[in-house]
Amino acid sequence: MSVKILNSRKGQKISKYIYGQFSEHLGRGIYEGLYVGENSDIPNENGLRKDVVNALKKIHVPVLRWPGGLFADTYHWQDGIGPKEGRKKIVNTNWGDVTEDNSFGTHEYFELLRQLGAEAYINANIGSGTVQEMAEWVEYMTMPGKSPMANLRQKNGRKDPWKLKFFGIGNETWGGGGNMRPEYYSDIYRQYQTFLPQYNKDKPIYRVACGPSEDDYNWTEVLMKNAAQYLDGISLHYYTLPKGEDWISSKGPATGFTDKYWYKTMDRAKFMDRLLTKHSEIMDKYDPNKKVNLIVDEWGTWYDVEKGTNPGFLYQQNTLRDVLTGAITLNIFHKHADRVYMANIAQMVNVLQAMILTDGSKMLKTPTYYLFDMYQKHMDAESILEDGELPDRITYTASKKDGKLTISLGNYDLNQDKTVDFEFEENPKSIENAEIITGSTMDAHNTFDNPNEVTLKEFNGATLIDDKLHIAIPAKSVISVTLR
Ligand code: AHR
């Protein structure tokens, strides 16, 4: 039996922002991971390490959320501007009580974006900040003419305003961002967005309101009812915890887990589909034309920290399991591309499901990095549906762009290889490229001694004969085939 690829129909655009990332002042995510300062022995450009930036440039990070997370609600932007020696040193109370010297601030963030070629997504401090502080930060960043904050920016060496694409008003305001109730937050949101300066009327800053945690459908209901006309997107936070329900006790190790936890983690990743479906249904009631987007600005796997590391630094290994949960999640985002406009994996370097791990001057690309590398072809492409039954434990997506069709499949069965035959509405002529990410064990991963254990390799299991595409996909692997 074969599955038909409906590639002659117009599909929903998969926003490239779905491939966004998140980097917080947390552990070694920014300091060491990205920013080492101009005087470091680690090769850097304006303080940003060259090895990490070069690796990230290859996966074309479209947007980077910063400065948090929980950190955002203790962050006062004025601490992070001006001469470095004068910047205030604070305690990062959310993440390990370490000293934050504010040497990475607004100017350094925009320099990072410049080097990466990424767009800005800044999260304001609602929890312990003020409306004025938020308004002045946006004035500092985006005011083109003369004003107190624009003058200050210029005094600090930046003449032109920066482009601020996305702006988050509140992070987890239902929890660490203020423990608010949705009714109260809806009003706070309305107030803050009123004073958000919009100097470029043609391209206003995109406003993201703090949306629900996981399956808190009431939050979505109340927020949409009270504030839908004042916002562009609402955020959703959902982490894939192997053990599921319990945040307090062990989440399970990142490596050395059992088959049971492999499948539990897959099930937890698949839950994203239900979340998006249900939250979208609620949004449809208030926004039937889908003008308001869902912004999944924190997602990814969350395990126990590596032994001997600071529990507040959220440093974890990254294995083949993360490739499969990542593929499941990205495929679900593609399926919901009519609502999901941006997503930001947590977090870019050294924290949770990272792209890159560093150890002093050493760095490695994680298996998740290679998934993002492989999936680049789906960015801004048109999502293509299928008709027919796929085998069990297979996750699917397909898209078309520039006259090419890309089919990506994940087989999360630990033991059984699977075969799938595809037919097409419009027959492709040839296979242009086929890639695979797999490993010998379910927790295969890269280490500083063996950084290339899990990478992107050529895939030989796809054949196109008589207008049929035959794919033999090994157990625990993700493949991607591009046809023209
Ligand atoms: O990504 C780590 C933390 O998870 C973020 O700071 C917070 O928003 C969430 O609870």
# chains A, B, ... in the order shown; residues from 1 in each chain; ligands from 1

call {"tool": "residues_around", "arguments": {"residues": "A:Ala72", "least_positions_apart": "2", "cutoff": "8 Å", "atoms": "only C-alpha atoms", "output": "VMD selection string"}}
result
chain A and resid 66 to 70 74 to 75 123 to 125 171

call {"tool": "write_last_selection", "arguments": {"atoms": "C-alpha atoms", "output": "JSON list (two decimals), in the first residue's frame"}}
result
[["chain", "number", "residue", "atom", "x", "y", "z"],
["A", 66, "TRP", "CA", 16.44, 37.06, 24.65],
["A", 67, "PRO", "CA", 17.14, 37.83, 27.58],
["A", 68, "GLY", "CA", 14.79, 35.25, 29.18],
["A", 69, "GLY", "CA", 12.81, 33.32, 30.35],
["A", 70, "LEU", "CA", 12.61, 33.89, 34.03],
["A", 74, "THR", "CA", 14.66, 40.53, 36.88],
["A", 75, "TYR", "CA", 16.47, 42.24, 34.02],
["A", 123, "ASN", "CA", 11.12, 39.82, 26.16],
["A", 124, "ALA", "CA", 10.28, 42.76, 28.41],
["A", 125, "ASN", "CA", 10.40, 42.80, 32.21],
["A", 171, "ASN", "CA", 7.11, 35.68, 30.40]]

call {"tool": "residues_around", "arguments": {"residues": "A:Gln115", "least_positions_apart": "3", "cutoff": "12 Å", "atoms": "only C-alpha atoms", "output": "list in words"}}
result
Leu34, Asn44, Glu45, Asn46, Gly47, Leu48, Arg49, Lys50, Asp51, Val52, Val53, Asn54, Ala55, Leu56, Lys57, Lys58, His60, Val61, Pro62, Glu108, Tyr109, Phe110, Glu111, Leu112, Ala118 and Glu119 of chain A

call {"tool": "residues_around", "arguments": {"residues": "A:Ile59", "least_positions_apart": "3", "cutoff": "7 Å", "atoms": "only C-alpha atoms", "output": "list in words"}}
result
Leu56, Phe372, Asp373 and Gln376 of chain A

call {"tool": "residues_near_ligand", "arguments": {"ligand": "ligand 1", "cutoff": "9 Å", "atoms": "only C-alpha atoms and all ligand atoms", "output": "PyMOL selection string"}}
result
chain A and resi 22-26+68-72+94-95+171-172+175-177+237-239+297-300+302+314+345-347+351-352

call {"tool": "closest_atom_pairs", "arguments": {"of": "stretch 215-327 of chain A", "to": "stretch 398-415 of chain A", "cutoff": "12 Å", "atoms": "only C-alpha atoms", "output": "CSV"}}
result
residue,atom,partner,partner_atom,distance
A:Thr258,CA,A:Leu414,CA,11.0
A:Asp259,CA,A:Leu414,CA,7.8
A:Lys260,CA,A:Leu414,CA,10.6
A:Tyr261,CA,A:Leu414,CA,11.6
A:Trp262,CA,A:Leu414,CA,8.5
A:Tyr263,CA,A:Tyr412,CA,8.2
A:Lys264,CA,A:Tyr412,CA,11.4
A:Thr265,CA,A:Tyr412,CA,10.6
A:Met266,CA,A:Tyr412,CA,7.7
A:Asp267,CA,A:Tyr412,CA,10.5
A:Ala269,CA,A:Tyr412,CA,11.6
A:Lys270,CA,A:Tyr412,CA,11.6
A:Leu320,CA,A:Tyr412,CA,9.9
A:Arg321,CA,A:Tyr412,CA,8.5
A:Asp322,CA,A:Tyr412,CA,10.9
A:Val323,CA,A:Gly410,CA,8.9
A:Leu324,CA,A:Tyr412,CA,6.4
A:Thr325,CA,A:Tyr412,CA,8.7
A:Gly326,CA,A:Gly410,CA,9.8
A:Ala327,CA,A:Gly410,CA,6.6

call {"tool": "write_last_selection", "arguments": {"atoms": "N, CA and C atoms", "output": "compact mmCIF listing (two decimals), in the first residue's frame"}}
result
# COMPACT_ATOMS: atom_id res chain seq x y z
N THR A 258 16.21 4.01 29.74
CA THR A 258 15.70 2.71 29.27
C THR A 258 14.77 2.89 28.07
N ASP A 259 14.41 1.77 27.43
CA ASP A 259 13.44 1.79 26.31
C ASP A 259 12.15 2.48 26.73
N LYS A 260 11.74 2.17 27.97
CA LYS A 260 10.47 2.72 28.47
C LYS A 260 10.51 4.25 28.40
N TYR A 261 11.64 4.82 28.81
CA TYR A 261 11.72 6.29 28.81
C TYR A 261 11.89 6.86 27.41
N TRP A 262 12.49 6.07 26.52
CA TRP A 262 12.52 6.51 25.10
C TRP A 262 11.09 6.72 24.62
N TYR A 263 10.23 5.70 24.82
CA TYR A 263 8.86 5.79 24.29
C TYR A 263 8.02 6.82 25.06
N LYS A 264 8.28 6.94 26.35
CA LYS A 264 7.55 7.96 27.13
C LYS A 264 7.88 9.35 26.61
N THR A 265 9.15 9.56 26.30
CA THR A 265 9.56 10.88 25.80
C THR A 265 8.91 11.15 24.44
N MET A 266 8.82 10.10 23.60
CA MET A 266 8.14 10.28 22.30
C MET A 266 6.68 10.67 22.52
N ASP A 267 6.03 9.98 23.46
CA ASP A 267 4.61 10.28 23.72
C ASP A 267 4.45 11.72 24.21
N ALA A 269 6.38 14.20 23.51
CA ALA A 269 6.59 15.11 22.37
C ALA A 269 5.33 15.17 21.51
N LYS A 270 4.69 14.01 21.33
CA LYS A 270 3.49 13.98 20.48
C LYS A 270 2.33 14.78 21.09
N LEU A 320 20.37 10.91 20.27
CA LEU A 320 19.47 10.54 19.18
C LEU A 320 18.00 10.69 19.58
N ARG A 321 17.71 10.47 20.87
CA ARG A 321 16.33 10.66 21.35
C ARG A 321 15.85 12.08 21.08
N ASP A 322 16.75 13.06 21.24
CA ASP A 322 16.37 14.46 21.01
C ASP A 322 16.11 14.73 19.53
N VAL A 323 16.80 13.98 18.68
CA VAL A 323 16.56 14.13 17.23
C VAL A 323 15.14 13.68 16.90
N LEU A 324 14.75 12.55 17.49
CA LEU A 324 13.41 12.03 17.18
C LEU A 324 12.32 12.91 17.80
N THR A 325 12.50 13.34 19.06
CA THR A 325 11.46 14.21 19.66
C THR A 325 11.43 15.55 18.93
N GLY A 326 12.60 16.01 18.50
CA GLY A 326 12.67 17.27 17.75
C GLY A 326 11.93 17.15 16.43
N ALA A 327 12.11 16.03 15.72
CA ALA A 327 11.43 15.83 14.43
C ALA A 327 9.92 15.75 14.64

call {"tool": "residues_around", "arguments": {"residues": "A:Ser480", "least_positions_apart": "5", "cutoff": "10 Å", "atoms": "only C-alpha atoms", "output": "JSON, numbers by chain"}}
result
{"A": [371, 374, 375, 377, 396, 397, 398, 406, 407, 408, 409, 410, 433, 434, 435, 436, 437, 458, 459, 462]}

call {"tool": "residues_around", "arguments": {"residues": "stretch 282-294 of chain A", "least_positions_apart": "2", "cutoff": "7 Å", "atoms": "only C-alpha atoms", "output": "list of chain:residue names"}}
result
A:Glu221, A:Met224, A:Lys225, A:Asp232, A:Gly233, A:Ile234, A:Ser235, A:Leu236, A:Lys278, A:His279, A:Ser280, A:Val296, A:Arg339, A:Val340, A:Tyr341

call {"tool": "closest_residue", "arguments": {"among": "A:Lys155, A:His336, A:Lys251, A:Lys365", "to": "A:Glu306", "atoms": "only C-alpha atoms"}}
result
A:Lys251

call {"tool": "residues_around", "arguments": {"residues": "A:Gln317", "least_positions_apart": "6", "cutoff": "8 Å", "atoms": "only C-alpha atoms", "output": "count of residues only"}}
result
5

call {"tool": "select_by_dssp", "arguments": {"residues": "stretch 343-440 of chain A", "states": "helix (DSSP H, G or I)", "output": "number ranges by chain"}}
result
A: 367-378

call {"tool": "select_by_dssp", "arguments": {"residues": "stretch 59-90 of chain A", "states": "strand (DSSP E)", "output": "ChimeraX atom specification"}}
result
/A:63-66,90
